[in-house]
Amino acid sequence: MDFYLGLIQIIGVHTLLGLSAYCVLLTGQVSLAQAGFFAIGAYVAGILTVLAQWPLIPALAVAAVVSGAVACAVGFPALRVKGLMLVVATVAFGEAVRLFFFNFTYQIQAGVLHLGPHGAEGFRQIRYFPQHGWSTLDVALFIWTVVALVMAGLWWLDHSRIGAVLRAVGEDELAAQSVGINITAVKVSAMTVGGFIAGIGGGIFAHYTTHIEHAQFGVVLATFAIAYPILGGLSNVFGTLLAAVFIQGFLIEGLRFMGDWRNLLFGGLIVLAMNVRPRGLLDAGTTRALRRLFAPRKERSGA
Amino acid sequence: MRRLHAALAVLLAGSMLSLPGSALAQERTVKITGFGAKSGVVRVFGINSEAAMKAAAGEINSKGGITLGDGTKAKFAVDFLDDRCNAEEGISVVRRIASTDAFVAVGPTCSNVAESLFGILQKKVGDASDSGLQFPIIADVAAKGGLAKISEWAFRNVPSEFEMYKSLIAWVKKEHPDLKTMYGGVEKDFAHSNATYGVMKGQAEGAGLQVLGTSEWLLNDTTFSTQVRDMKRANADIVAISAHPFTTCGVLKEMARQGVKPKLLIGLTSSSSIETLQGCAKQAEGIIIPTSFAPVTPEAKLAAEQVAKFGGSADLHSAAAYEIMFILKDVIESQKIMAKPDTVQADRNKMRAGLAALKETKGLLGTVGRTADREAIKPYLYVHAKDGSWQVLHKPTL
């Protein structure tokens with residue numbers, strides 16, 4: 001059972017990472033900076049619980065605010081460029097963050113141990129969950145409560161005027177601008193919200209892996225971050241969740257029994273999924289079909 | 001109907017008679033699961049560990065197997081899971097193993113995975129306030145110093161690189177008093193290489209060698225011209241490279257291309273492997289590496305042959321995996337482990353207690369000491385690359 005609960009934790013954290021990229025993708029921007037915001041969240045939350053002995057929730061809140069603030073600051077210059085240039089700019093930012101933590105050392109003496117980030121060797125002993133007696137089930141429930149809150153928030157955002165504005169910018173910037181939408185403000189806001197969510201995800205990630213190091217937050221993680229919403233579809237937040245389940249639950253964990261063949265199949269199945277479902281696993285058409293299926297008969301008949 | 005009954009009775013009797021008496025009781029199997037990197041740049045370590053575990057299991061099984069706590073005999077079976085040198089996957093793999101009847105796991109390959117894994121284990125045995133996983137893990141490859149300190153459920157059978165490089169640098173100073181300067185090269189993003197370079201550098205400075213500088217590169221790097229140019233400019237007597245075979249070979253080839261010829265070359269323990277010779281035997285000629293394995297004893301020769309039969313190569317890491325299987329056999333027998341589904345947690349506790357109680361174990365090069373913090377003190381020697389093979393250069397008195 002613990003294995004499945006552990007897997008549920010991983011899927012939850014990766015869903016948060018995917019949702020952070022989802023916000024930015026709604027505005028039509030491809031950001032590979034999410035791994036950087038995730039790293040900031042991981043280190044900030046880890047430092048607060050391990051070195052400052054803070055409780056987890058305030059630590060996660062601060063991690064989210066710091067990541068969001070950095071995302072906002074990065075958003076202004078980065079979002080002046082578009083398309084491939086933005087991809088390059090955000091990769092550069094992600095790498096700068098990674099290299100910062102590669103060189104960042106801040107340790108304190110705690111008995112015989114030195115605690116805190118130690119450059120390339122990483123940051124160990126982020127053991128808030130086991131130290132405070134959290135069972136695997138408790139951690140899974142906590143993570144999914146956070147995921148549910150974030151998804152509910154984004155769902156509301158998506159169905160509000162703000163969501164319409166985000167999608168309008170994503171569909172056609174020029175048209176959106178011509179009706180008086182402040183494009184820069186919208187894009188930077190989306191980046192900030194994305195950074196905030198990535199910060200929460202990173203903070204939780206640090207605590208369930210207990211050890212973090214720069215190498216975990218590289219381009220591969222950034223690629224996964226945008227792969228979730230793209231593969232899942234941008235029609236609603238559940239696409240990202242579905243993609244996280246598909247990649248983490250099926251491709252990585254489900255195919256583990258295949259040994260060396262797993263890695264070959266991994267890439268092949270993603271390509272296949274994207275060809276079969278070019279607008280995402282849960283595109284607008286599927287969402288409409290599901291809604292029709294589950295909607296009450298009265299509603300369906302238009303009464 | 002009567003005929004049918006008679007036929008069934010004859011069949012049953014025949015099948016019973018055809019079984020030897022001892023086999024009437026079902027032969028039991030104890031599955032030991034290993035895990036490590038079987039993909040990516042360091043995949044060869046996982047492949048070698050799996051081969052070594054299977055070779056050792058074969059050896060043990062051919063000599064009668066293991067005796068369980070209830071007196072029954074059992075055979076070892078080995079399974080091996082790929083964690084892709086990824087901490088999240090490592091945690092998932094161990095949770096998967098711990099959700100079965102397994103009472104121990106062997107691994108991982110990468111120190112960064114071990115850091116995370118050992119972190120999710122209960123830190124102190126019997127601490128009811130700590131909800132960490134209570135499952136013993138014994139590492140064969142993850143070589144970064146001091147990892148077993150993280151949890152009392154964590155054990156390692158890896159050599160102490162601190163002792164090895166301390167001894168090697170002292171030997172170099174004694175044998176080559178004319179060598180005064182050293183230049184370092186480190187695979188900076190790999191925990192093991194990075195930590196060991198700290199040891200090399202510290203020992204060199206402590207021994208009075210002047211460290212002229214350090215070049216850094218990453219595990220996945222393929223070009224090293226800038227780093228080697230700096231190395232060439234320093235013109236040190238000794239070049240110490242703390243990197244795994246893939247980048248060690250890249251650097252050595254670049255050194256040859258740029259004509260960098262130090263008077264002495266020192267390498268990382270993990271590079272005293274067949275991969276280095278396959279990748280750059282010519283350029284590696286003369287490199288000195290301390291290692292806890294070389295086929296110099298009858299046991300070590302046999303192990304190397306057996307591991308090769310399973311498609312692996314015996315080196316200091318896979319030899320540790322080979323030794324671990326024998327350690328597990330001894331602990332299963334001494335702790336009277338039952339290996340039954342209803343005794344899983346008790347078996348895990350016994351395995352942990354048995355491993356913690358070990359003062360010494362039998363290693364392929366001789367007796368291996370065990371420390372209070374669950375690490376190994378392994379015999380070692382210095383090898384150097386000569387004529388396309390690793391040859392023993394010196395066996396220090398320990």
# chains A, B, ... in the order shown; residues from 1 in each chain; ligands from 1
>>> residues_around(residues="Gly195 (chain A)", least_positions_apart="3", cutoff="8 Å", atoms="only C-alpha atoms", output="PyMOL selection string")
chain A and resi 20+34+37-38+64+67-72+191-192+198-199
>>> residues_around(residues="region 66-78 of chain B", least_positions_apart="2", cutoff="7 Å", atoms="only C-alpha atoms", output="JSON, numbers by chain")
{"B": [27, 28, 29, 30, 31, 32, 33, 53, 54, 57, 61, 64, 80, 329, 332, 333, 336, 337, 338]}
>>> write_last_selection(atoms="N, CA, C and O atoms", output="PDB file, in the first residue's frame")
ATOM      1  N   GLU B  27      10.479 -26.710  -2.235  1.00  0.00           N
ATOM      2  CA  GLU B  27      11.742 -25.987  -2.073  1.00  0.00           C
ATOM      3  C   GLU B  27      11.451 -24.505  -1.999  1.00  0.00           C
ATOM      4  O   GLU B  27      10.676 -23.968  -2.791  1.00  0.00           O
ATOM      5  N   ARG B  28      12.050 -23.837  -1.036  1.00  0.00           N
ATOM      6  CA  ARG B  28      11.726 -22.422  -0.841  1.00  0.00           C
ATOM      7  C   ARG B  28      12.738 -21.538  -1.543  1.00  0.00           C
ATOM      8  O   ARG B  28      13.884 -21.907  -1.742  1.00  0.00           O
ATOM      9  N   THR B  29      12.263 -20.371  -1.883  1.00  0.00           N
ATOM     10  CA  THR B  29      13.113 -19.394  -2.565  1.00  0.00           C
ATOM     11  C   THR B  29      13.074 -18.082  -1.793  1.00  0.00           C
ATOM     12  O   THR B  29      12.008 -17.633  -1.389  1.00  0.00           O
ATOM     13  N   VAL B  30      14.233 -17.514  -1.588  1.00  0.00           N
ATOM     14  CA  VAL B  30      14.306 -16.204  -0.948  1.00  0.00           C
ATOM     15  C   VAL B  30      14.748 -15.202  -2.016  1.00  0.00           C
ATOM     16  O   VAL B  30      15.846 -15.312  -2.558  1.00  0.00           O
ATOM     17  N   LYS B  31      13.853 -14.283  -2.296  1.00  0.00           N
ATOM     18  CA  LYS B  31      14.192 -13.319  -3.348  1.00  0.00           C
ATOM     19  C   LYS B  31      14.888 -12.098  -2.739  1.00  0.00           C
ATOM     20  O   LYS B  31      14.374 -11.493  -1.801  1.00  0.00           O
ATOM     21  N   ILE B  32      16.044 -11.783  -3.282  1.00  0.00           N
ATOM     22  CA  ILE B  32      16.762 -10.569  -2.872  1.00  0.00           C
ATOM     23  C   ILE B  32      16.674  -9.594  -4.042  1.00  0.00           C
ATOM     24  O   ILE B  32      17.044  -9.927  -5.166  1.00  0.00           O
ATOM     25  N   THR B  33      16.177  -8.413  -3.759  1.00  0.00           N
ATOM     26  CA  THR B  33      16.027  -7.435  -4.838  1.00  0.00           C
ATOM     27  C   THR B  33      17.117  -6.374  -4.741  1.00  0.00           C
ATOM     28  O   THR B  33      17.310  -5.759  -3.693  1.00  0.00           O
ATOM     29  N   MET B  53      25.386  -9.929  -8.188  1.00  0.00           N
ATOM     30  CA  MET B  53      24.428 -10.519  -7.232  1.00  0.00           C
ATOM     31  C   MET B  53      23.974 -11.891  -7.720  1.00  0.00           C
ATOM     32  O   MET B  53      23.860 -12.840  -6.934  1.00  0.00           O
ATOM     33  N   LYS B  54      23.729 -11.999  -9.026  1.00  0.00           N
ATOM     34  CA  LYS B  54      23.291 -13.281  -9.578  1.00  0.00           C
ATOM     35  C   LYS B  54      24.409 -14.322  -9.497  1.00  0.00           C
ATOM     36  O   LYS B  54      24.157 -15.496  -9.214  1.00  0.00           O
ATOM     37  N   ALA B  57      24.644 -15.419  -5.922  1.00  0.00           N
ATOM     38  CA  ALA B  57      23.491 -16.275  -5.605  1.00  0.00           C
ATOM     39  C   ALA B  57      23.697 -17.667  -6.191  1.00  0.00           C
ATOM     40  O   ALA B  57      23.417 -18.676  -5.532  1.00  0.00           O
ATOM     41  N   ASN B  61      23.801 -20.970  -4.032  1.00  0.00           N
ATOM     42  CA  ASN B  61      22.817 -22.024  -4.317  1.00  0.00           C
ATOM     43  C   ASN B  61      23.492 -23.341  -4.686  1.00  0.00           C
ATOM     44  O   ASN B  61      23.031 -24.420  -4.297  1.00  0.00           O
ATOM     45  N   GLY B  64      24.367 -25.524  -1.773  1.00  0.00           N
ATOM     46  CA  GLY B  64      23.300 -25.957  -0.869  1.00  0.00           C
ATOM     47  C   GLY B  64      22.334 -24.866  -0.471  1.00  0.00           C
ATOM     48  O   GLY B  64      21.358 -25.119   0.227  1.00  0.00           O
ATOM     49  N   PHE B  80      16.333  -7.368 -10.041  1.00  0.00           N
ATOM     50  CA  PHE B  80      17.040  -6.083 -10.044  1.00  0.00           C
ATOM     51  C   PHE B  80      16.188  -5.035 -10.742  1.00  0.00           C
ATOM     52  O   PHE B  80      15.707  -5.258 -11.853  1.00  0.00           O
ATOM     53  N   LYS B 329      23.540 -14.028   3.428  1.00  0.00           N
ATOM     54  CA  LYS B 329      23.400 -15.457   3.773  1.00  0.00           C
ATOM     55  C   LYS B 329      23.769 -15.672   5.252  1.00  0.00           C
ATOM     56  O   LYS B 329      23.023 -16.311   5.998  1.00  0.00           O
ATOM     57  N   ILE B 332      21.112 -14.102   7.551  1.00  0.00           N
ATOM     58  CA  ILE B 332      19.861 -14.886   7.536  1.00  0.00           C
ATOM     59  C   ILE B 332      20.010 -16.101   8.443  1.00  0.00           C
ATOM     60  O   ILE B 332      19.121 -16.424   9.233  1.00  0.00           O
ATOM     61  N   GLU B 333      21.168 -16.750   8.349  1.00  0.00           N
ATOM     62  CA  GLU B 333      21.374 -17.977   9.137  1.00  0.00           C
ATOM     63  C   GLU B 333      21.617 -17.669  10.612  1.00  0.00           C
ATOM     64  O   GLU B 333      21.063 -18.330  11.486  1.00  0.00           O
ATOM     65  N   LYS B 336      18.422 -16.392  12.214  1.00  0.00           N
ATOM     66  CA  LYS B 336      17.299 -17.327  12.048  1.00  0.00           C
ATOM     67  C   LYS B 336      16.083 -16.639  11.397  1.00  0.00           C
ATOM     68  O   LYS B 336      14.951 -16.668  11.913  1.00  0.00           O
ATOM     69  N   ILE B 337      16.339 -16.029  10.302  1.00  0.00           N
ATOM     70  CA  ILE B 337      15.269 -15.358   9.553  1.00  0.00           C
ATOM     71  C   ILE B 337      14.362 -16.401   8.917  1.00  0.00           C
ATOM     72  O   ILE B 337      14.832 -17.393   8.348  1.00  0.00           O
ATOM     73  N   MET B 338      13.064 -16.207   9.032  1.00  0.00           N
ATOM     74  CA  MET B 338      12.096 -17.200   8.585  1.00  0.00           C
ATOM     75  C   MET B 338      11.719 -17.044   7.110  1.00  0.00           C
ATOM     76  O   MET B 338      11.342 -18.010   6.458  1.00  0.00           O
TER      77      MET B 338
END
>>> interface_residues(of="chain B", to="chain A", cutoff="8 Å", atoms="only C-alpha atoms", output="PyMOL selection string")
chain B and resi 38-39+81-82+87-88+91-92+95-96+98-99+112+115-117+119-120+122+129-132+150+188-191+194-195
>>> write_last_selection(atoms="N, CA and C atoms", output="tab-separated table (two decimals), in the first residue's frame")
chain	number	residue	atom	x	y	z
B	38	LYS	N	20.36	1.31	-14.29
B	38	LYS	CA	20.57	0.45	-15.46
B	38	LYS	C	20.28	1.22	-16.74
B	39	SER	N	20.14	2.53	-16.60
B	39	SER	CA	19.98	3.40	-17.76
B	39	SER	C	20.85	4.63	-17.55
B	81	LEU	N	16.00	-3.91	-10.08
B	81	LEU	CA	15.14	-2.85	-10.64
B	81	LEU	C	15.97	-1.61	-10.98
B	82	ASP	N	15.59	-0.96	-12.04
B	82	ASP	CA	16.31	0.23	-12.52
B	82	ASP	C	15.72	1.48	-11.87
B	87	ALA	N	16.48	10.16	-7.78
B	87	ALA	CA	16.08	10.01	-6.38
B	87	ALA	C	14.60	9.65	-6.23
B	88	GLU	N	13.75	10.31	-6.99
B	88	GLU	CA	12.31	10.01	-6.90
B	88	GLU	C	12.03	8.56	-7.28
B	91	ILE	N	13.22	6.18	-4.54
B	91	ILE	CA	12.26	6.08	-3.43
B	91	ILE	C	11.10	5.17	-3.83
B	92	SER	N	10.64	5.35	-5.05
B	92	SER	CA	9.52	4.55	-5.53
B	92	SER	C	9.90	3.07	-5.59
B	95	ARG	N	10.03	1.68	-2.08
B	95	ARG	CA	8.68	1.48	-1.54
B	95	ARG	C	8.02	0.25	-2.19
B	96	ARG	N	8.32	0.07	-3.47
B	96	ARG	CA	7.78	-1.11	-4.17
B	96	ARG	C	8.35	-2.39	-3.53
B	98	ALA	N	9.63	-2.71	-0.55
B	98	ALA	CA	9.17	-2.82	0.84
B	98	ALA	C	7.71	-3.24	0.94
B	99	SER	N	6.97	-3.11	-0.16
B	99	SER	CA	5.57	-3.54	-0.12
B	99	SER	C	5.42	-5.03	-0.39
B	112	ASN	N	23.38	10.27	-4.85
B	112	ASN	CA	22.25	11.19	-4.69
B	112	ASN	C	20.96	10.42	-4.42
B	115	GLU	N	21.15	9.28	-0.74
B	115	GLU	CA	20.85	10.40	0.17
B	115	GLU	C	19.34	10.47	0.43
B	116	SER	N	18.56	10.43	-0.65
B	116	SER	CA	17.11	10.54	-0.51
B	116	SER	C	16.52	9.30	0.14
B	117	LEU	N	16.97	8.16	-0.32
B	117	LEU	CA	16.45	6.89	0.19
B	117	LEU	C	16.68	6.72	1.67
B	119	GLY	N	17.17	8.95	3.68
B	119	GLY	CA	16.40	9.99	4.38
B	119	GLY	C	14.97	9.59	4.68
B	120	ILE	N	14.39	8.72	3.85
B	120	ILE	CA	12.99	8.33	4.13
B	120	ILE	C	12.93	7.16	5.12
B	122	GLN	N	13.55	5.32	8.81
B	122	GLN	CA	13.53	5.77	10.20
B	122	GLN	C	14.96	6.06	10.63
B	129	SER	N	8.34	8.14	17.45
B	129	SER	CA	7.88	9.43	16.90
B	129	SER	C	8.33	9.62	15.45
B	130	ASP	N	9.22	8.76	14.99
B	130	ASP	CA	9.73	8.87	13.61
B	130	ASP	C	8.99	7.86	12.73
B	131	SER	N	8.26	8.38	11.76
B	131	SER	CA	7.44	7.49	10.92
B	131	SER	C	8.19	7.00	9.68
B	132	GLY	N	9.51	7.16	9.67
B	132	GLY	CA	10.29	6.71	8.51
B	132	GLY	C	10.15	5.21	8.27
B	150	ILE	N	22.99	8.48	7.90
B	150	ILE	CA	21.67	9.12	7.78
B	150	ILE	C	20.59	8.33	8.52
B	188	LYS	N	32.11	17.85	-11.46
B	188	LYS	CA	31.57	18.64	-10.36
B	188	LYS	C	30.12	18.32	-9.99
B	189	ASP	N	29.33	17.87	-10.95
B	189	ASP	CA	27.91	17.69	-10.66
B	189	ASP	C	27.55	16.29	-10.19
B	190	PHE	N	28.55	15.46	-9.93
B	190	PHE	CA	28.26	14.11	-9.46
B	190	PHE	C	28.73	14.02	-8.01
B	191	ALA	N	27.79	13.69	-7.11
B	191	ALA	CA	28.07	13.77	-5.68
B	191	ALA	C	29.33	13.00	-5.29
B	194	ASN	N	32.57	14.66	-6.70
B	194	ASN	CA	32.79	15.94	-6.05
B	194	ASN	C	33.29	15.75	-4.62
B	195	ALA	N	32.62	14.86	-3.88
B	195	ALA	CA	33.02	14.63	-2.49
B	195	ALA	C	34.42	14.03	-2.43
>>> select_by_dssp(residues="region 55-190 of chain B", states="strand (DSSP E or B)", output="ChimeraX atom specification")
/B:66-67,73-82,105-106,121,133,137-139,154-156,181-187
>>> write_last_selection(atoms="N, CA and C atoms", output="PDB file, in the first residue's frame")
ATOM      1  N   ILE B  66      20.705 -21.558   1.429  1.00  0.00           N
ATOM      2  CA  ILE B  66      20.713 -20.977   2.762  1.00  0.00           C
ATOM      3  C   ILE B  66      19.790 -21.752   3.680  1.00  0.00           C
ATOM      4  N   THR B  67      20.111 -21.718   4.971  1.00  0.00           N
ATOM      5  CA  THR B  67      19.260 -22.391   5.951  1.00  0.00           C
ATOM      6  C   THR B  67      18.428 -21.332   6.658  1.00  0.00           C
ATOM      7  N   LYS B  73      15.751 -25.494   3.945  1.00  0.00           N
ATOM      8  CA  LYS B  73      16.744 -24.963   3.017  1.00  0.00           C
ATOM      9  C   LYS B  73      16.048 -24.099   1.974  1.00  0.00           C
ATOM     10  N   ALA B  74      16.732 -23.096   1.527  1.00  0.00           N
ATOM     11  CA  ALA B  74      16.148 -22.236   0.487  1.00  0.00           C
ATOM     12  C   ALA B  74      17.237 -21.799  -0.480  1.00  0.00           C
ATOM     13  N   LYS B  75      16.800 -21.415  -1.651  1.00  0.00           N
ATOM     14  CA  LYS B  75      17.737 -20.893  -2.664  1.00  0.00           C
ATOM     15  C   LYS B  75      17.512 -19.394  -2.796  1.00  0.00           C
ATOM     16  N   PHE B  76      18.568 -18.717  -3.147  1.00  0.00           N
ATOM     17  CA  PHE B  76      18.453 -17.288  -3.436  1.00  0.00           C
ATOM     18  C   PHE B  76      17.947 -17.101  -4.868  1.00  0.00           C
ATOM     19  N   ALA B  77      17.085 -16.111  -5.041  1.00  0.00           N
ATOM     20  CA  ALA B  77      16.732 -15.648  -6.389  1.00  0.00           C
ATOM     21  C   ALA B  77      16.974 -14.151  -6.383  1.00  0.00           C
ATOM     22  N   VAL B  78      17.461 -13.630  -7.485  1.00  0.00           N
ATOM     23  CA  VAL B  78      17.813 -12.205  -7.538  1.00  0.00           C
ATOM     24  C   VAL B  78      16.941 -11.481  -8.557  1.00  0.00           C
ATOM     25  N   ASP B  79      16.433 -10.355  -8.129  1.00  0.00           N
ATOM     26  CA  ASP B  79      15.690  -9.479  -9.033  1.00  0.00           C
ATOM     27  C   ASP B  79      16.405  -8.127  -8.974  1.00  0.00           C
ATOM     28  N   PHE B  80      16.333  -7.368 -10.041  1.00  0.00           N
ATOM     29  CA  PHE B  80      17.040  -6.083 -10.044  1.00  0.00           C
ATOM     30  C   PHE B  80      16.188  -5.035 -10.742  1.00  0.00           C
ATOM     31  N   LEU B  81      15.995  -3.907 -10.081  1.00  0.00           N
ATOM     32  CA  LEU B  81      15.141  -2.847 -10.639  1.00  0.00           C
ATOM     33  C   LEU B  81      15.971  -1.605 -10.976  1.00  0.00           C
ATOM     34  N   ASP B  82      15.587  -0.956 -12.042  1.00  0.00           N
ATOM     35  CA  ASP B  82      16.307   0.233 -12.519  1.00  0.00           C
ATOM     36  C   ASP B  82      15.721   1.484 -11.868  1.00  0.00           C
ATOM     37  N   ALA B 105      16.977  -4.860   0.925  1.00  0.00           N
ATOM     38  CA  ALA B 105      17.226  -4.511  -0.482  1.00  0.00           C
ATOM     39  C   ALA B 105      18.694  -4.126  -0.624  1.00  0.00           C
ATOM     40  N   VAL B 106      19.223  -4.341  -1.810  1.00  0.00           N
ATOM     41  CA  VAL B 106      20.640  -4.042  -2.069  1.00  0.00           C
ATOM     42  C   VAL B 106      20.722  -2.920  -3.104  1.00  0.00           C
ATOM     43  N   LEU B 121      14.087   6.610   5.475  1.00  0.00           N
ATOM     44  CA  LEU B 121      14.100   5.524   6.467  1.00  0.00           C
ATOM     45  C   LEU B 121      14.018   6.124   7.874  1.00  0.00           C
ATOM     46  N   LEU B 133      10.447   4.811   7.066  1.00  0.00           N
ATOM     47  CA  LEU B 133      10.323   3.403   6.660  1.00  0.00           C
ATOM     48  C   LEU B 133      11.298   2.530   7.460  1.00  0.00           C
ATOM     49  N   ILE B 137      18.452  -1.449   4.172  1.00  0.00           N
ATOM     50  CA  ILE B 137      19.021  -1.329   2.823  1.00  0.00           C
ATOM     51  C   ILE B 137      20.536  -1.389   2.967  1.00  0.00           C
ATOM     52  N   ILE B 138      21.157  -2.173   2.133  1.00  0.00           N
ATOM     53  CA  ILE B 138      22.623  -2.220   2.157  1.00  0.00           C
ATOM     54  C   ILE B 138      23.147  -1.807   0.779  1.00  0.00           C
ATOM     55  N   ALA B 139      23.971  -0.779   0.789  1.00  0.00           N
ATOM     56  CA  ALA B 139      24.445  -0.195  -0.470  1.00  0.00           C
ATOM     57  C   ALA B 139      25.729  -0.864  -0.933  1.00  0.00           C
ATOM     58  N   ALA B 154      20.266   1.977   7.405  1.00  0.00           N
ATOM     59  CA  ALA B 154      21.121   2.044   6.211  1.00  0.00           C
ATOM     60  C   ALA B 154      22.498   1.440   6.491  1.00  0.00           C
ATOM     61  N   PHE B 155      22.969   0.630   5.553  1.00  0.00           N
ATOM     62  CA  PHE B 155      24.273  -0.035   5.681  1.00  0.00           C
ATOM     63  C   PHE B 155      25.010   0.098   4.359  1.00  0.00           C
ATOM     64  N   ARG B 156      26.317   0.010   4.434  1.00  0.00           N
ATOM     65  CA  ARG B 156      27.077   0.046   3.182  1.00  0.00           C
ATOM     66  C   ARG B 156      28.224  -0.955   3.230  1.00  0.00           C
ATOM     67  N   THR B 181      53.874  19.462  -6.886  1.00  0.00           N
ATOM     68  CA  THR B 181      52.634  20.188  -7.208  1.00  0.00           C
ATOM     69  C   THR B 181      51.564  19.247  -7.765  1.00  0.00           C
ATOM     70  N   MET B 182      50.322  19.645  -7.573  1.00  0.00           N
ATOM     71  CA  MET B 182      49.212  18.821  -8.069  1.00  0.00           C
ATOM     72  C   MET B 182      48.154  19.727  -8.715  1.00  0.00           C
ATOM     73  N   TYR B 183      47.509  19.193  -9.729  1.00  0.00           N
ATOM     74  CA  TYR B 183      46.379  19.896 -10.349  1.00  0.00           C
ATOM     75  C   TYR B 183      45.200  18.930 -10.353  1.00  0.00           C
ATOM     76  N   GLY B 184      44.032  19.441 -10.024  1.00  0.00           N
ATOM     77  CA  GLY B 184      42.872  18.567  -9.914  1.00  0.00           C
ATOM     78  C   GLY B 184      41.877  18.741 -11.051  1.00  0.00           C
ATOM     79  N   GLY B 185      41.150  17.687 -11.313  1.00  0.00           N
ATOM     80  CA  GLY B 185      40.053  17.745 -12.277  1.00  0.00           C
ATOM     81  C   GLY B 185      38.874  17.031 -11.651  1.00  0.00           C
ATOM     82  N   VAL B 186      37.695  17.633 -11.695  1.00  0.00           N
ATOM     83  CA  VAL B 186      36.560  17.026 -11.010  1.00  0.00           C
ATOM     84  C   VAL B 186      35.279  17.123 -11.827  1.00  0.00           C
ATOM     85  N   GLU B 187      34.544  16.028 -11.796  1.00  0.00           N
ATOM     86  CA  GLU B 187      33.210  15.938 -12.397  1.00  0.00           C
ATOM     87  C   GLU B 187      32.272  16.564 -11.363  1.00  0.00           C
TER      88      GLU B 187
END
>>> residues_around(residues="Thr226 (chain B)", least_positions_apart="2", cutoff="10 Å", atoms="only C-alpha atoms", output="PDB file with C-alpha atoms, in the first residue's frame")
ATOM      1  CA  SER B 215      39.316  22.155 -13.581  1.00  0.00           C
ATOM      2  CA  GLU B 216      35.638  21.318 -13.399  1.00  0.00           C
ATOM      3  CA  TRP B 217      33.300  19.580 -15.811  1.00  0.00           C
ATOM      4  CA  THR B 223      34.378  18.335 -24.620  1.00  0.00           C
ATOM      5  CA  PHE B 224      37.154  19.223 -22.250  1.00  0.00           C
ATOM      6  CA  VAL B 228      42.671  20.716 -20.130  1.00  0.00           C
ATOM      7  CA  ARG B 229      44.113  24.012 -21.375  1.00  0.00           C
ATOM      8  CA  ASP B 230      44.025  25.279 -17.772  1.00  0.00           C
ATOM      9  CA  MET B 231      45.601  22.024 -16.678  1.00  0.00           C
ATOM     10  CA  LYS B 232      48.354  22.436 -19.261  1.00  0.00           C
ATOM     11  CA  GLU B 254      42.051  15.659 -24.535  1.00  0.00           C
TER      12      GLU B 254
END
>>> select_by_dssp(residues="region 4-63 of chain A", states="helix (DSSP H, G or I)", output="PyMOL selection string")
chain A and resi 4-26+34-51+56-63
>>> atom_distance(atom1="CA of Gly312 (chain B)", atom2="CA of Ala51 (chain B)")
5.1 Å
>>> closest_residue(among="B:Ser318, B:Thr276, B:Ser49, B:Ser160", to="Gly36 (chain B)", atoms="only C-alpha atoms")
B:Ser49
>>> residues_around(residues="Pro245 (chain B)", least_positions_apart="4", cutoff="7 Å", atoms="only C-alpha atoms", output="PyMOL selection string")
chain B and resi 249+271+275-276
>>> write_last_selection(atoms="N, CA, C and O atoms", output="PDB file, in the first residue's frame")
ATOM      1  N   CYS B 249      37.885   9.328 -19.418  1.00  0.00           N
ATOM      2  CA  CYS B 249      38.442   9.026 -20.745  1.00  0.00           C
ATOM      3  C   CYS B 249      38.434  10.264 -21.632  1.00  0.00           C
ATOM      4  O   CYS B 249      39.388  10.514 -22.359  1.00  0.00           O
ATOM      5  N   SER B 271      36.867   4.558 -11.477  1.00  0.00           N
ATOM      6  CA  SER B 271      37.451   4.448 -12.822  1.00  0.00           C
ATOM      7  C   SER B 271      38.431   3.286 -12.947  1.00  0.00           C
ATOM      8  O   SER B 271      38.994   3.062 -14.023  1.00  0.00           O
ATOM      9  N   GLU B 275      35.574  -0.356 -18.038  1.00  0.00           N
ATOM     10  CA  GLU B 275      35.069   0.700 -18.937  1.00  0.00           C
ATOM     11  C   GLU B 275      36.175   1.694 -19.288  1.00  0.00           C
ATOM     12  O   GLU B 275      36.243   2.179 -20.419  1.00  0.00           O
ATOM     13  N   THR B 276      37.026   1.986 -18.331  1.00  0.00           N
ATOM     14  CA  THR B 276      38.119   2.920 -18.602  1.00  0.00           C
ATOM     15  C   THR B 276      39.068   2.306 -19.632  1.00  0.00           C
ATOM     16  O   THR B 276      39.513   2.987 -20.571  1.00  0.00           O
TER      17      THR B 276
END
>>> atom_distance(atom1="CA of Leu147 (chain B)", atom2="CA of Gly90 (chain B)")
15.2 Å
>>> closest_residue(among="A:Val169, A:Leu234, A:Ile270, A:Leu251", to="Thr27 (chain A)", atoms="only C-alpha atoms")
A:Val169
>>> residues_around(residues="Leu302 (chain B)", least_positions_apart="4", cutoff="10 Å", atoms="only C-alpha atoms", output="VMD selection string")
chain B and resid 55 59 295 297 to 298 306 to 308 364
>>> write_last_selection(atoms="C-alpha atoms", output="compact mmCIF listing (two decimals), in the first residue's frame")
# COMPACT_ATOMS: atom_id res chain seq x y z
CA ALA B 55 26.78 -14.79 -9.68
CA GLU B 59 27.59 -19.79 -5.98
CA PRO B 295 41.51 -10.52 -8.99
CA THR B 297 43.07 -13.89 -4.42
CA PRO B 298 41.47 -17.23 -5.39
CA GLN B 306 31.39 -15.88 -12.23
CA VAL B 307 30.39 -12.24 -12.71
CA ALA B 308 31.63 -12.38 -16.29
CA LEU B 364 37.18 -10.99 -1.65
